[in-house]
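Just below is one structure, and these are the notes that go with it.
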Amino acid sequence: MALDQFPKAYEPARVEEKWYSYWLEQAYFRAEADPERTPFTIVIPPPNVTGSLHIGHALNNTLQDIIIRRRRMQGYATLWLPGTDHASIATHIKIEEALSKEGTNRFNLGREKFMERAWAWKEQYGNTIISQLKRLGCSCDWSRERFTMDDGCSRAVTEVFIRLYQKGLVYRGDYMTNWCPTCRTVISDLEVEHEDTAGKLYHVRYPMASGEGYITVATTRPETILGDTAVAVNPEDRRYAGLTGQMAVLPVVNRHIPVIADHYVESTFGTGAVKVTPAHDPNDFDMGVRHGLPAVTVIGQDGRMTAEAGPYAGLDRYQCRRRLLEDLDELGLLVKVEDHQHALGHCHRCNSVVEPLVSRQWFVRMKPLAAPAIEAVKQGKVRFIPERFTRVYLNWMENVRDWCISRQLWWGHRIPAWYCQSCGELEVSERTPAQCGRCGQDQWEQDPDVLDTWFSSALWPFSTLGWPEDAQDLDFFYPTDVLVTGYDIIFFWVARMIFMALEFTNEIPFSEVFINGLVRDAQGQKMSKSKGTGIDPMEVISKYGADTLRFSLVVGNAPGNDIRFNWEKVEGARNFCNKIWNAARFILMNTEGFEPSASPPKLGTWDRWILGRLDRVVADANRALDSYDLGEAAQRLYDFAWNELCDWYLEVSKLALGDPEHRDAARYTLYKTMETTMRLLHPFMPFITEEVWQALPHAGTSVMLAEWPQATGEAYERENAGVQMVMAGIRAIRNLRAEFGISPGKPVEVLLRPADNTRSTWQEMVPVISRLAQADPVRVDEGAARPAGSATAVVEGASIYLPLAGLIDFDRERERLKRDAAGIRLELDRTMARLANPSFRQRAPHDIVDKEEAKRRQFEERLERLEHILSLLSGGDG
RNA sequence: GGGCGGUUAGCUCAGUUGGUUAGAGCGCAUGCUUGACAUGCAUGAGGCCAGGGGUUCAAGUCCCUUACCGCCCACCA
């Protein structure tokens, strides 16, 4: 071991790139479809191709890497399949922003040029996030990297669209859709974010055509008045009974519209009369269908009023609102304006207020697809972790509405539908159809629209493995095992993968969905680039290293919970790396020339103790990992490595290392414990563990391929009990030293009076006590009387006396011991009360009762000693 | 309008199927150049586990309820 490679402080920059390159060169991430082994597959949630890694990605991919690295070590044929998403609308917006800066736009540029531009953009930025994932340490099989718009994925998209169309599960039609006037496209219901907004409710009077009376409607969007084609009232509403069937006059445009009766109308809201605008409101659209009303489109796709809006044509929708209100007021028809809170739809991408519009779009018929997807989850074939997300999924799926999949965008998968320019015939096919079956002409034009980004994402688990071909990867690695993703895309993505997979592969896409929370800033707010509250994970990696970032994101967090990012936690993780590093340095310094293959030497109590604890932490970590409690597993390993291995075993081993008789046992144990700990920590902290593991004697070429530890069940209970007792004794001595201000370098004399049957344990531990408590000499004497003027502690198994004549304040010492006694008595009383309860003895399990008995004995015994000492003290021999 | 999550030490959070004296990190206090580590070591202080009710031999944990915080879904204009 060359210690010069091991500086006092861990320097991640010295090791991370080295080992990542090594893993890549050795192709250790490469998956093999090996029929001898069980496959374990994860497909990455593909990040946006032009994006960069944010802290949420860092968390999500760390979790995946932990899972996949452990499975790889366990011997599974693992595949972590990486890739990127074309992110149709998101990318579109970015490119359009760039164009806008150049003073142009996509319509000026034209579709072909725009696409060239988009591909160039993708080439330029597409690698950013991939290289960032590599820096994070992700062990993806890069040879299988995919892109949602590559040939294979595109092929799958076309295939799926055509098959759905042929089954009648994709249809085209004029329906109410959500239009984003800024993005200039329709968006799906999911892409509309509802936000409670303080608005107004305007009461507007419509004169009756008969010339007699009015009917007053209430609306939040007065500009849609221009598109009204009816006024509706509830048929039970007596107030309007006489008006139903009559005509009202639409103000300003003077169109005559009927008053109709419809149960949809709530008599108690507003005036009980609703203006009906079938072209601009989903409910009104339905009413229009029920009553055969015409739809008049008054707001265009640019958010401006159309020619149908008469005098308001050309105005922006909000300008129109203001003008129209002025005009109505002037006419005396605006009778009341109330404050009104309502949910306004905003575009998920650009935050513009979404305009409901009727337009001709493509839809996926959801009911038939949802049914099996609901069943699969209900039957537990797909399991959500944590379980509560099952209900979120089911609730959405059970109420799902048809999915609008066409987008008036260019970057994406173009819809494989063709229209005959001569007769209007529609043909859905992969390539341009030959000849129109209806009119015999050959003038086809492809649908200009592209598909919703999530349409291709929905196919990701199987399209990336080769579907629709009969591919070897698909055969071996599919269905995948676990999907790791955030709860924010359960509907967008998870749900859609499930129904698409069931429809096209007849199998679930994954059997488990491991949901992770959001990473929030220190104030608990969502991180936002625009607000400058975002943390750049690359900055954390540069400053502290990837292992630190990974560990800080994972340790101590419960599945599905949001995480609050804070730098203190990062520093904590960095300190842990450093702790590991220095423990490794210590062990390397002391295991030179050590041969791990040599048969194990005779082990001492502490050796067996730490090996027992190690076995225990292996069991605990495995149990936690099996149930996706990654944060708990990390915490257990942290606690073991720091509090047991470093704080105790390493310190104790210093004695043994200086003693020829025990040296080999200590070296063996140090090595064994450290090597196993590195394997356990490797999924969490791949770089530092590789560096340390490689420096230790080892068999094999990389820790990432070493065998994952399994518990043997060798707990060394007896050693553990003895060691726990001695630790408490050492702590008590240290405590007394601190209490009485004994300077640290000064050895203190200790007289230890052991309780029954513990003498040999204490006796054996004298050198350890001496070293760890700075105690010298340490005498163990069963019959020892308390020396006058002693500081005293009573622990389980012993009374401890520090003869400190002159330093002890007699009264204070007595008070201190009285407090101790009172504390023990409190516990003893509680235990006695429990044991005195007959129903406790009757109903509690035996082992619980036994434990309680043991507790009582222990408390009694300690209390007895304490009280004996107190009686001596009151006798005056302080 | 439905639904979900949270409320545990000053702060950020763990807490398995109910079962020792409720834990950690940070912060705080005191003292330390102990030959792996001051990114460290030792010792200590700090908790009516949000309030109320219930189930149970036993509740931070299960049930009901209230309050506050956060989130998701939702076509009352």
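We label chains A, B, ... in the order they appear in the structure tokens, count residues from 1 in each chain, and number ligands from 1 in the order shown.
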message: From a backbone DSSP assignment, name each residue in region 343-547 of chain A labelled alpha helix (DSSP H), as a PyMOL selection string.
response: chain A and resi 366-378+388-398+453-457+460-463+472-477+496-505+537-544+546-547
Residues from the last selection, C-alpha atoms, saved as a tab-separated table (two decimals), in the first residue's frame:
chain	number	residue	atom	x	y	z
A	366	MET	CA	-59.31	5.53	-22.64
A	367	LYS	CA	-62.01	3.41	-21.08
A	368	PRO	CA	-61.10	0.11	-22.79
A	369	LEU	CA	-57.40	0.66	-22.16
A	370	ALA	CA	-57.84	1.73	-18.57
A	371	ALA	CA	-59.81	-1.34	-17.49
A	372	PRO	CA	-56.93	-3.86	-17.63
A	373	ALA	CA	-54.54	-1.26	-16.23
A	374	ILE	CA	-56.79	-0.89	-13.22
A	375	GLU	CA	-57.02	-4.65	-12.81
A	376	ALA	CA	-53.28	-5.17	-12.99
A	377	VAL	CA	-52.73	-2.79	-10.10
A	378	LYS	CA	-55.68	-4.03	-8.09
A	388	ARG	CA	-50.45	5.07	-0.77
A	389	PHE	CA	-49.74	5.98	-4.38
A	390	THR	CA	-51.82	3.02	-5.49
A	391	ARG	CA	-54.94	4.96	-4.65
A	392	VAL	CA	-53.71	8.03	-6.43
A	393	TYR	CA	-53.22	5.96	-9.53
A	394	LEU	CA	-56.49	4.07	-9.29
A	395	ASN	CA	-58.49	7.18	-8.62
A	396	TRP	CA	-57.14	8.81	-11.72
A	397	MET	CA	-57.42	5.75	-13.90
A	398	GLU	CA	-60.99	5.09	-12.85
A	453	THR	CA	-44.46	13.61	-26.01
A	454	TRP	CA	-45.95	11.21	-23.50
A	455	PHE	CA	-47.24	9.03	-26.28
A	456	SER	CA	-43.73	7.82	-27.04
A	457	SER	CA	-42.75	7.81	-23.36
A	460	TRP	CA	-40.48	3.37	-23.33
A	461	PRO	CA	-40.16	0.10	-21.35
A	462	PHE	CA	-40.67	-2.03	-24.45
A	463	SER	CA	-39.82	0.22	-27.38
A	472	GLN	CA	-33.59	-10.83	-27.81
A	473	ASP	CA	-33.43	-8.02	-25.25
A	474	LEU	CA	-37.18	-7.80	-25.14
A	475	ASP	CA	-37.39	-11.50	-24.64
A	476	PHE	CA	-34.87	-11.57	-21.84
A	477	PHE	CA	-35.13	-8.29	-19.99
A	496	ARG	CA	-49.78	5.37	-19.56
A	497	MET	CA	-46.93	2.90	-19.61
A	498	ILE	CA	-49.08	0.42	-17.78
A	499	PHE	CA	-52.00	0.49	-20.19
A	500	MET	CA	-49.84	0.65	-23.29
A	501	ALA	CA	-47.74	-2.28	-22.13
A	502	LEU	CA	-50.79	-4.36	-21.35
A	503	GLU	CA	-52.30	-3.54	-24.71
A	504	PHE	CA	-49.22	-4.20	-26.80
A	505	THR	CA	-47.11	-6.71	-24.90
A	537	PRO	CA	-25.93	19.05	-8.51
A	538	MET	CA	-22.80	19.51	-10.60
A	539	GLU	CA	-21.71	22.23	-8.26
A	540	VAL	CA	-22.16	19.87	-5.32
A	541	ILE	CA	-20.17	17.19	-7.12
A	542	SER	CA	-17.37	19.59	-7.93
A	543	LYS	CA	-17.14	20.83	-4.38
A	544	TYR	CA	-17.79	17.67	-2.44
A	546	ALA	CA	-20.45	12.48	-6.25
A	547	ASP	CA	-20.48	10.06	-3.33
task: Using only C-alpha atoms (C1' of nucleotides), find which residues of chain B lie within 8 Å of chain A and jot them down as a PyMOL selection string.
output: chain B and resi 4+12-14+19-21+25-26+31-32+34+36-37+39+42-43+57-58+73+75-77
Could the residues in this selection be saved with N, CA, C and O atoms (P, O5', C5', C4', C3', O3' and C1' of nucleotides) as a short mmCIF file (atom, residue, chain, number, x, y, z; two decimals), in the first residue's frame?
data_model
loop_
_atom_site.label_atom_id
_atom_site.label_comp_id
_atom_site.auth_asym_id
_atom_site.auth_seq_id
_atom_site.Cartn_x
_atom_site.Cartn_y
_atom_site.Cartn_z
P C B 4 -57.84 9.82 2.02
"O5'" C B 4 -56.33 10.20 1.72
"C5'" C B 4 -55.58 9.45 0.78
"C4'" C B 4 -54.28 10.15 0.47
"C3'" C B 4 -53.41 10.49 1.67
"O3'" C B 4 -52.70 9.36 2.17
"C1'" C B 4 -53.49 12.35 0.25
P U B 12 -37.24 23.01 10.48
"O5'" U B 12 -36.26 21.90 9.88
"C5'" U B 12 -35.47 22.17 8.72
"C4'" U B 12 -34.75 20.92 8.31
"C3'" U B 12 -35.63 19.68 8.19
"O3'" U B 12 -36.34 19.67 6.97
"C1'" U B 12 -33.65 19.15 9.38
P C B 13 -37.63 18.71 6.81
"O5'" C B 13 -36.96 17.28 6.95
"C5'" C B 13 -37.64 16.23 7.59
"C4'" C B 13 -36.64 15.17 7.91
"C3'" C B 13 -37.22 13.82 8.32
"O3'" C B 13 -37.55 13.09 7.16
"C1'" C B 13 -35.50 14.42 9.83
P A B 14 -38.58 11.89 7.24
"O5'" A B 14 -37.60 10.75 7.77
"C5'" A B 14 -37.96 10.02 8.92
"C4'" A B 14 -36.89 9.02 9.19
"C3'" A B 14 -37.43 7.76 9.86
"O3'" A B 14 -37.83 6.81 8.90
"C1'" A B 14 -35.70 8.66 11.18
P G B 19 -43.60 -1.41 18.87
"O5'" G B 19 -43.59 -2.07 20.30
"C5'" G B 19 -43.76 -1.27 21.47
"C4'" G B 19 -43.14 -1.96 22.66
"C3'" G B 19 -41.90 -2.77 22.30
"O3'" G B 19 -40.93 -2.60 23.29
"C1'" G B 19 -43.52 -4.19 23.31
P U B 20 -39.81 -1.57 23.14
"O5'" U B 20 -40.01 -0.85 24.52
"C5'" U B 20 -38.93 -0.23 25.17
"C4'" U B 20 -38.65 -0.92 26.48
"C3'" U B 20 -37.83 -0.06 27.41
"O3'" U B 20 -38.33 -0.25 28.75
"C1'" U B 20 -36.70 -2.09 26.98
P U B 21 -39.20 0.87 29.32
"O5'" U B 21 -38.27 2.14 29.10
"C5'" U B 21 -38.82 3.44 29.34
"C4'" U B 21 -37.70 4.45 29.30
"C3'" U B 21 -37.04 4.62 27.93
"O3'" U B 21 -36.85 6.02 27.70
"C1'" U B 21 -35.41 4.17 29.56
P G B 25 -25.27 11.69 15.81
"O5'" G B 25 -25.44 12.69 14.59
"C5'" G B 25 -24.95 12.34 13.30
"C4'" G B 25 -25.38 13.40 12.31
"C3'" G B 25 -25.04 14.82 12.71
"O3'" G B 25 -23.71 15.17 12.37
"C1'" G B 25 -27.30 14.72 12.04
P C B 26 -22.90 16.14 13.28
"O5'" C B 26 -23.64 17.53 13.03
"C5'" C B 26 -23.61 18.14 11.74
"C4'" C B 26 -24.59 19.29 11.69
"C3'" C B 26 -24.39 20.36 12.76
"O3'" C B 26 -23.36 21.28 12.41
"C1'" C B 26 -26.69 19.80 12.61
P G B 31 -14.04 25.13 28.63
"O5'" G B 31 -13.23 23.78 28.45
"C5'" G B 31 -12.90 23.01 29.60
"C4'" G B 31 -12.44 21.65 29.17
"C3'" G B 31 -11.38 21.63 28.09
"O3'" G B 31 -10.11 22.01 28.59
"C1'" G B 31 -12.98 19.96 27.64
P C B 32 -8.92 22.28 27.56
"O5'" C B 32 -8.57 20.79 27.15
"C5'" C B 32 -7.70 20.55 26.09
"C4'" C B 32 -7.82 19.12 25.67
"C3'" C B 32 -7.10 18.83 24.37
"O3'" C B 32 -5.75 18.49 24.65
"C1'" C B 32 -9.31 18.04 24.21
P U B 34 -4.12 15.03 20.62
"O5'" U B 34 -3.92 14.07 21.88
"C5'" U B 34 -2.73 13.39 22.19
"C4'" U B 34 -2.97 11.90 22.17
"C3'" U B 34 -3.42 11.35 20.82
"O3'" U B 34 -2.30 10.91 20.06
"C1'" U B 34 -4.91 10.66 22.53
P A B 36 -3.18 6.36 14.58
"O5'" A B 36 -4.05 6.62 13.27
"C5'" A B 36 -3.42 6.87 12.00
"C4'" A B 36 -4.46 7.41 11.05
"C3'" A B 36 -5.09 8.73 11.50
"O3'" A B 36 -4.31 9.84 11.09
"C1'" A B 36 -6.79 7.18 10.90
P C B 37 -4.38 11.22 11.88
"O5'" C B 37 -5.82 11.80 11.51
"C5'" C B 37 -6.07 12.29 10.20
"C4'" C B 37 -7.55 12.48 10.01
"C3'" C B 37 -8.21 13.49 10.95
"O3'" C B 37 -8.04 14.81 10.47
"C1'" C B 37 -9.54 11.53 10.80
P U B 39 -11.81 20.49 10.02
"O5'" U B 39 -12.87 19.35 9.68
"C5'" U B 39 -14.30 19.57 9.84
"C4'" U B 39 -14.95 18.27 9.46
"C3'" U B 39 -14.15 17.10 10.01
"O3'" U B 39 -14.77 16.32 11.02
"C1'" U B 39 -14.19 17.04 7.60
P A B 42 -15.95 9.76 20.49
"O5'" A B 42 -15.82 10.38 21.95
"C5'" A B 42 -15.00 9.75 22.90
"C4'" A B 42 -14.93 10.59 24.13
"C3'" A B 42 -16.27 10.97 24.73
"O3'" A B 42 -16.84 9.92 25.48
"C1'" A B 42 -14.88 12.87 24.66
P U B 43 -18.43 9.74 25.50
"O5'" U B 43 -18.85 10.90 26.50
"C5'" U B 43 -18.40 10.88 27.85
"C4'" U B 43 -18.70 12.18 28.51
"C3'" U B 43 -20.15 12.64 28.45
"O3'" U B 43 -20.96 11.97 29.40
"C1'" U B 43 -18.76 14.45 27.92
P C B 57 -56.87 -5.93 27.27
"O5'" C B 57 -55.55 -5.44 28.02
"C5'" C B 57 -55.57 -5.31 29.44
"C4'" C B 57 -54.16 -5.07 29.93
"C3'" C B 57 -53.41 -3.96 29.23
"O3'" C B 57 -53.72 -2.70 29.78
"C1'" C B 57 -52.04 -5.88 29.35
P A B 58 -53.93 -1.45 28.79
"O5'" A B 58 -52.48 -1.30 28.14
"C5'" A B 58 -51.41 -0.83 28.95
"C4'" A B 58 -50.14 -0.82 28.14
"C3'" A B 58 -50.19 -0.01 26.86
"O3'" A B 58 -49.93 1.35 27.12
"C1'" A B 58 -49.23 -2.15 26.44
P C B 73 -52.90 17.53 -10.27
"O5'" C B 73 -54.35 16.93 -10.08
"C5'" C B 73 -54.65 15.60 -10.50
"C4'" C B 73 -56.00 15.19 -9.99
"C3'" C B 73 -57.18 15.96 -10.54
"O3'" C B 73 -57.55 15.53 -11.84
"C1'" C B 73 -57.43 15.75 -8.23
P C B 75 -62.29 18.55 -14.65
"O5'" C B 75 -63.31 19.71 -14.90
"C5'" C B 75 -63.50 20.81 -14.10
"C4'" C B 75 -64.59 21.60 -14.77
"C3'" C B 75 -65.92 21.46 -14.05
"O3'" C B 75 -66.03 22.48 -13.07
"C1'" C B 75 -66.22 20.96 -16.35
P C B 76 -66.21 22.12 -11.63
"O5'" C B 76 -66.92 23.46 -11.10
"C5'" C B 76 -68.24 23.43 -10.96
"C4'" C B 76 -68.97 24.55 -11.65
"C3'" C B 76 -68.56 25.97 -11.23
"O3'" C B 76 -67.81 26.63 -12.25
"C1'" C B 76 -70.78 25.51 -10.52
P A B 77 -66.82 27.93 -11.76
"O5'" A B 77 -67.12 29.16 -12.73
"C5'" A B 77 -68.45 29.54 -12.96
"C4'" A B 77 -68.75 29.24 -14.38
"C3'" A B 77 -68.82 30.48 -15.27
"O3'" A B 77 -68.29 30.18 -16.57
"C1'" A B 77 -70.97 29.48 -15.06
#
task: Pick out the residues sitting within 12 Å of C69 (chain B), and hand them over as a ChimeraX atom specification; count only C-alpha atoms (C1' of nucleotides), and ignore anything fewer than 6 positions along from it in its own chain.
output: /A:524 /B:5-7,50
field: Point-to-point distance from CA of Arg414 (chain A) to CA of Asp442 (chain A), Å rounded to tenths
entry: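 Computing it gives 20.2 Å between the two atoms.
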message: Set the distance at 10 Å and use only C-alpha atoms (C1' of nucleotides): which residues neighbour Asp776 (chain A) once local chain neighbours fewer than 4 positions away are removed? I'd like the list as JSON, numbers by chain.
response: {"A": [746, 747, 748, 749, 750, 751, 766, 767, 769, 770, 771]}
message: Env of Gly612 (chain A): 9 Å cut, atoms = only C-alpha atoms (C1' of nucleotides), seq-sep filter 2 positions within chain, self excluded. Answer as a ChimeraX atom specification.
response: /A:607-610,614-617,713-717,719-720
Keeping all heavy atoms for every residue in the selection just given, could you write it to a file as a compact mmCIF listing (two decimals), in the first residue's frame?
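That gives us result09.txt:
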# COMPACT_ATOMS: atom_id res chain seq x y z
N ASP A 607 -13.11 -8.75 18.56
CA ASP A 607 -13.17 -9.18 17.15
C ASP A 607 -14.52 -9.81 16.87
O ASP A 607 -15.18 -9.48 15.89
CB ASP A 607 -12.06 -10.19 16.86
CG ASP A 607 -10.68 -9.63 17.19
OD1 ASP A 607 -10.46 -8.42 16.93
OD2 ASP A 607 -9.84 -10.38 17.73
N ARG A 608 -14.88 -10.72 17.75
CA ARG A 608 -16.17 -11.40 17.53
C ARG A 608 -17.32 -10.41 17.66
O ARG A 608 -18.29 -10.49 16.94
CB ARG A 608 -16.33 -12.57 18.50
CG ARG A 608 -15.47 -13.77 18.10
CD ARG A 608 -15.92 -15.04 18.80
NE ARG A 608 -15.78 -14.93 20.24
CZ ARG A 608 -14.64 -15.18 20.89
NH1 ARG A 608 -13.56 -15.57 20.23
NH2 ARG A 608 -14.57 -15.03 22.19
N TRP A 609 -17.14 -9.48 18.58
CA TRP A 609 -18.20 -8.48 18.74
C TRP A 609 -18.43 -7.70 17.44
O TRP A 609 -19.55 -7.62 16.94
CB TRP A 609 -17.85 -7.50 19.87
CG TRP A 609 -18.77 -6.32 19.89
CD1 TRP A 609 -20.06 -6.32 20.31
CD2 TRP A 609 -18.50 -5.00 19.43
NE1 TRP A 609 -20.61 -5.07 20.14
CE2 TRP A 609 -19.67 -4.23 19.59
CE3 TRP A 609 -17.37 -4.37 18.88
CZ2 TRP A 609 -19.76 -2.88 19.25
CZ3 TRP A 609 -17.45 -3.04 18.54
CH2 TRP A 609 -18.62 -2.30 18.72
N ILE A 610 -17.36 -7.15 16.87
CA ILE A 610 -17.56 -6.31 15.68
C ILE A 610 -18.04 -7.16 14.50
O ILE A 610 -18.85 -6.73 13.70
CB ILE A 610 -16.31 -5.47 15.32
CG1 ILE A 610 -16.65 -4.37 14.30
CG2 ILE A 610 -15.19 -6.34 14.75
CD1 ILE A 610 -17.50 -3.25 14.84
N LEU A 614 -21.32 -6.52 12.49
CA LEU A 614 -21.27 -6.44 11.03
C LEU A 614 -22.34 -7.33 10.42
O LEU A 614 -23.09 -6.93 9.52
CB LEU A 614 -19.89 -6.85 10.52
CG LEU A 614 -19.73 -6.94 9.00
CD1 LEU A 614 -19.86 -5.56 8.36
CD2 LEU A 614 -18.37 -7.55 8.62
N ASP A 615 -22.41 -8.53 10.94
CA ASP A 615 -23.41 -9.46 10.40
C ASP A 615 -24.81 -8.89 10.61
O ASP A 615 -25.68 -9.01 9.76
CB ASP A 615 -23.29 -10.82 11.08
CG ASP A 615 -23.96 -11.90 10.26
OD1 ASP A 615 -23.52 -12.11 9.12
OD2 ASP A 615 -24.94 -12.49 10.73
N ARG A 616 -24.98 -8.28 11.75
CA ARG A 616 -26.27 -7.68 12.05
C ARG A 616 -26.60 -6.55 11.08
O ARG A 616 -27.72 -6.43 10.58
CB ARG A 616 -26.24 -7.16 13.49
CG ARG A 616 -27.54 -6.61 13.97
CD ARG A 616 -28.63 -7.66 13.77
NE ARG A 616 -29.89 -7.19 14.31
CZ ARG A 616 -30.25 -7.37 15.57
NH1 ARG A 616 -29.44 -8.00 16.40
NH2 ARG A 616 -31.40 -6.92 16.00
N VAL A 617 -25.61 -5.72 10.79
CA VAL A 617 -25.89 -4.59 9.90
C VAL A 617 -26.12 -5.09 8.47
O VAL A 617 -26.89 -4.52 7.72
CB VAL A 617 -24.79 -3.50 9.98
CG1 VAL A 617 -23.57 -3.86 9.17
CG2 VAL A 617 -25.34 -2.16 9.51
N GLY A 713 -26.06 -14.90 10.27
CA GLY A 713 -26.80 -15.16 11.50
C GLY A 713 -25.89 -15.35 12.70
O GLY A 713 -26.35 -15.62 13.80
N GLU A 714 -24.58 -15.19 12.48
CA GLU A 714 -23.63 -15.32 13.59
C GLU A 714 -23.62 -14.02 14.39
O GLU A 714 -22.97 -13.06 14.02
CB GLU A 714 -22.24 -15.61 13.02
CG GLU A 714 -21.18 -15.86 14.06
CD GLU A 714 -21.53 -16.99 15.01
OE1 GLU A 714 -22.18 -16.72 16.02
OE2 GLU A 714 -21.12 -18.14 14.72
N ALA A 715 -24.39 -13.98 15.46
CA ALA A 715 -24.60 -12.70 16.14
C ALA A 715 -23.66 -12.48 17.31
O ALA A 715 -23.50 -11.39 17.78
CB ALA A 715 -26.04 -12.62 16.62
N TYR A 716 -23.00 -13.53 17.81
CA TYR A 716 -22.12 -13.40 18.97
C TYR A 716 -22.81 -12.68 20.12
O TYR A 716 -22.34 -11.65 20.60
CB TYR A 716 -20.81 -12.69 18.61
CG TYR A 716 -19.99 -13.43 17.58
CD1 TYR A 716 -19.84 -12.94 16.30
CD2 TYR A 716 -19.36 -14.64 17.91
CE1 TYR A 716 -19.09 -13.62 15.35
CE2 TYR A 716 -18.60 -15.33 16.98
CZ TYR A 716 -18.48 -14.82 15.70
OH TYR A 716 -17.73 -15.49 14.78
N GLU A 717 -23.96 -13.20 20.50
CA GLU A 717 -24.77 -12.53 21.52
C GLU A 717 -24.04 -12.35 22.84
O GLU A 717 -24.15 -11.33 23.49
CB GLU A 717 -26.07 -13.32 21.77
CG GLU A 717 -27.07 -13.28 20.63
CD GLU A 717 -27.62 -11.88 20.37
OE1 GLU A 717 -27.42 -10.98 21.22
OE2 GLU A 717 -28.24 -11.69 19.31
N GLU A 719 -20.76 -12.18 23.45
CA GLU A 719 -19.75 -11.13 23.35
C GLU A 719 -20.41 -9.76 23.34
O GLU A 719 -19.93 -8.81 23.95
CB GLU A 719 -18.93 -11.28 22.06
CG GLU A 719 -17.87 -12.35 22.14
CD GLU A 719 -18.42 -13.75 21.90
OE1 GLU A 719 -19.66 -13.87 21.80
OE2 GLU A 719 -17.63 -14.69 21.81
N ASN A 720 -21.53 -9.70 22.64
CA ASN A 720 -22.20 -8.42 22.52
C ASN A 720 -22.65 -7.92 23.89
O ASN A 720 -22.44 -6.77 24.25
CB ASN A 720 -23.39 -8.52 21.57
CG ASN A 720 -23.96 -7.16 21.26
OD1 ASN A 720 -23.21 -6.19 21.12
ND2 ASN A 720 -25.27 -7.08 21.18
- request: Using DSSP on the backbone coordinates, identify the residues of region 114-278 of chain A assigned to strand (DSSP E or B); present them as a PyMOL selection string.
  value: chain A and resi 146-147+170-180+185-187+192-208+214-219+230-233+247-249+256-261+273-276
Restrict the selected residues to C-alpha atoms and save them as a compact mmCIF listing (two decimals), in the first residue's frame.
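See again.txt below for the written result:
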# COMPACT_ATOMS: atom_id res chain seq x y z
CA ARG A 146 -31.95 5.23 -26.61
CA PHE A 147 -33.75 8.36 -27.69
CA VAL A 170 -57.62 6.20 -31.61
CA TYR A 171 -60.09 8.56 -33.23
CA ARG A 172 -60.20 12.02 -34.67
CA GLY A 173 -62.91 14.56 -34.11
CA ASP A 174 -64.07 18.02 -33.12
CA TYR A 175 -64.17 18.31 -29.38
CA MET A 176 -63.56 20.73 -26.62
CA THR A 177 -59.85 21.01 -26.08
CA ASN A 178 -57.42 23.06 -24.06
CA TRP A 179 -55.71 25.57 -26.27
CA CYS A 180 -52.55 27.37 -25.30
CA THR A 185 -51.12 24.10 -29.70
CA VAL A 186 -53.74 22.09 -27.98
CA ILE A 187 -52.65 20.42 -24.76
CA VAL A 192 -53.49 22.21 -17.66
CA GLU A 193 -52.64 23.44 -14.21
CA HIS A 194 -55.51 24.83 -12.23
CA GLU A 195 -54.77 27.74 -10.05
CA ASP A 196 -57.21 29.49 -7.78
CA THR A 197 -57.48 33.04 -8.97
CA ALA A 198 -59.33 36.01 -7.63
CA GLY A 199 -61.66 37.04 -10.44
CA LYS A 200 -65.03 38.69 -10.93
CA LEU A 201 -68.47 37.35 -11.55
CA TYR A 202 -70.30 39.67 -13.93
CA HIS A 203 -74.07 39.74 -13.97
CA VAL A 204 -75.31 40.67 -17.42
CA ARG A 205 -78.84 41.32 -18.44
CA TYR A 206 -80.08 39.87 -21.72
CA PRO A 207 -83.33 41.53 -22.94
CA MET A 208 -86.06 39.18 -24.08
CA TYR A 214 -84.84 40.41 -19.11
CA ILE A 215 -82.97 37.36 -18.13
CA THR A 216 -79.78 37.96 -16.16
CA VAL A 217 -76.85 35.62 -16.50
CA ALA A 218 -73.62 35.46 -14.48
CA THR A 219 -70.25 34.90 -16.11
CA ALA A 230 -78.47 29.93 -25.68
CA VAL A 231 -79.29 30.77 -22.09
CA ALA A 232 -79.92 27.79 -19.86
CA VAL A 233 -81.92 27.49 -16.66
CA MET A 247 -85.85 33.95 -27.26
CA ALA A 248 -83.45 36.35 -25.61
CA VAL A 249 -81.40 38.97 -27.39
CA HIS A 256 -81.54 35.93 -30.89
CA ILE A 257 -80.85 32.92 -28.73
CA PRO A 258 -83.24 30.51 -27.03
CA VAL A 259 -83.76 30.06 -23.32
CA ILE A 260 -83.42 26.34 -22.69
CA ALA A 261 -83.90 24.11 -19.69
CA ALA A 273 -79.34 31.39 -15.51
CA VAL A 274 -76.29 30.36 -17.48
CA LYS A 275 -75.12 31.72 -20.77
CA VAL A 276 -74.25 28.86 -23.10
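Excluding Glu796 (chain A) itself and same-chain residues fewer than 3 positions from it, the residues having an atom within 7 Å of it are Met725, Gln858 and Arg862 of chain A, counting only C-alpha atoms (C1' of nucleotides).
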- prompt: So how many Å separate CA of Ala695 (chain A) and CA of Glu707 (chain A), to one decimal?
  reply: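 Atom-to-atom, CA of Ala695 (chain A) to CA of Glu707 (chain A), that is 17.3 Å.
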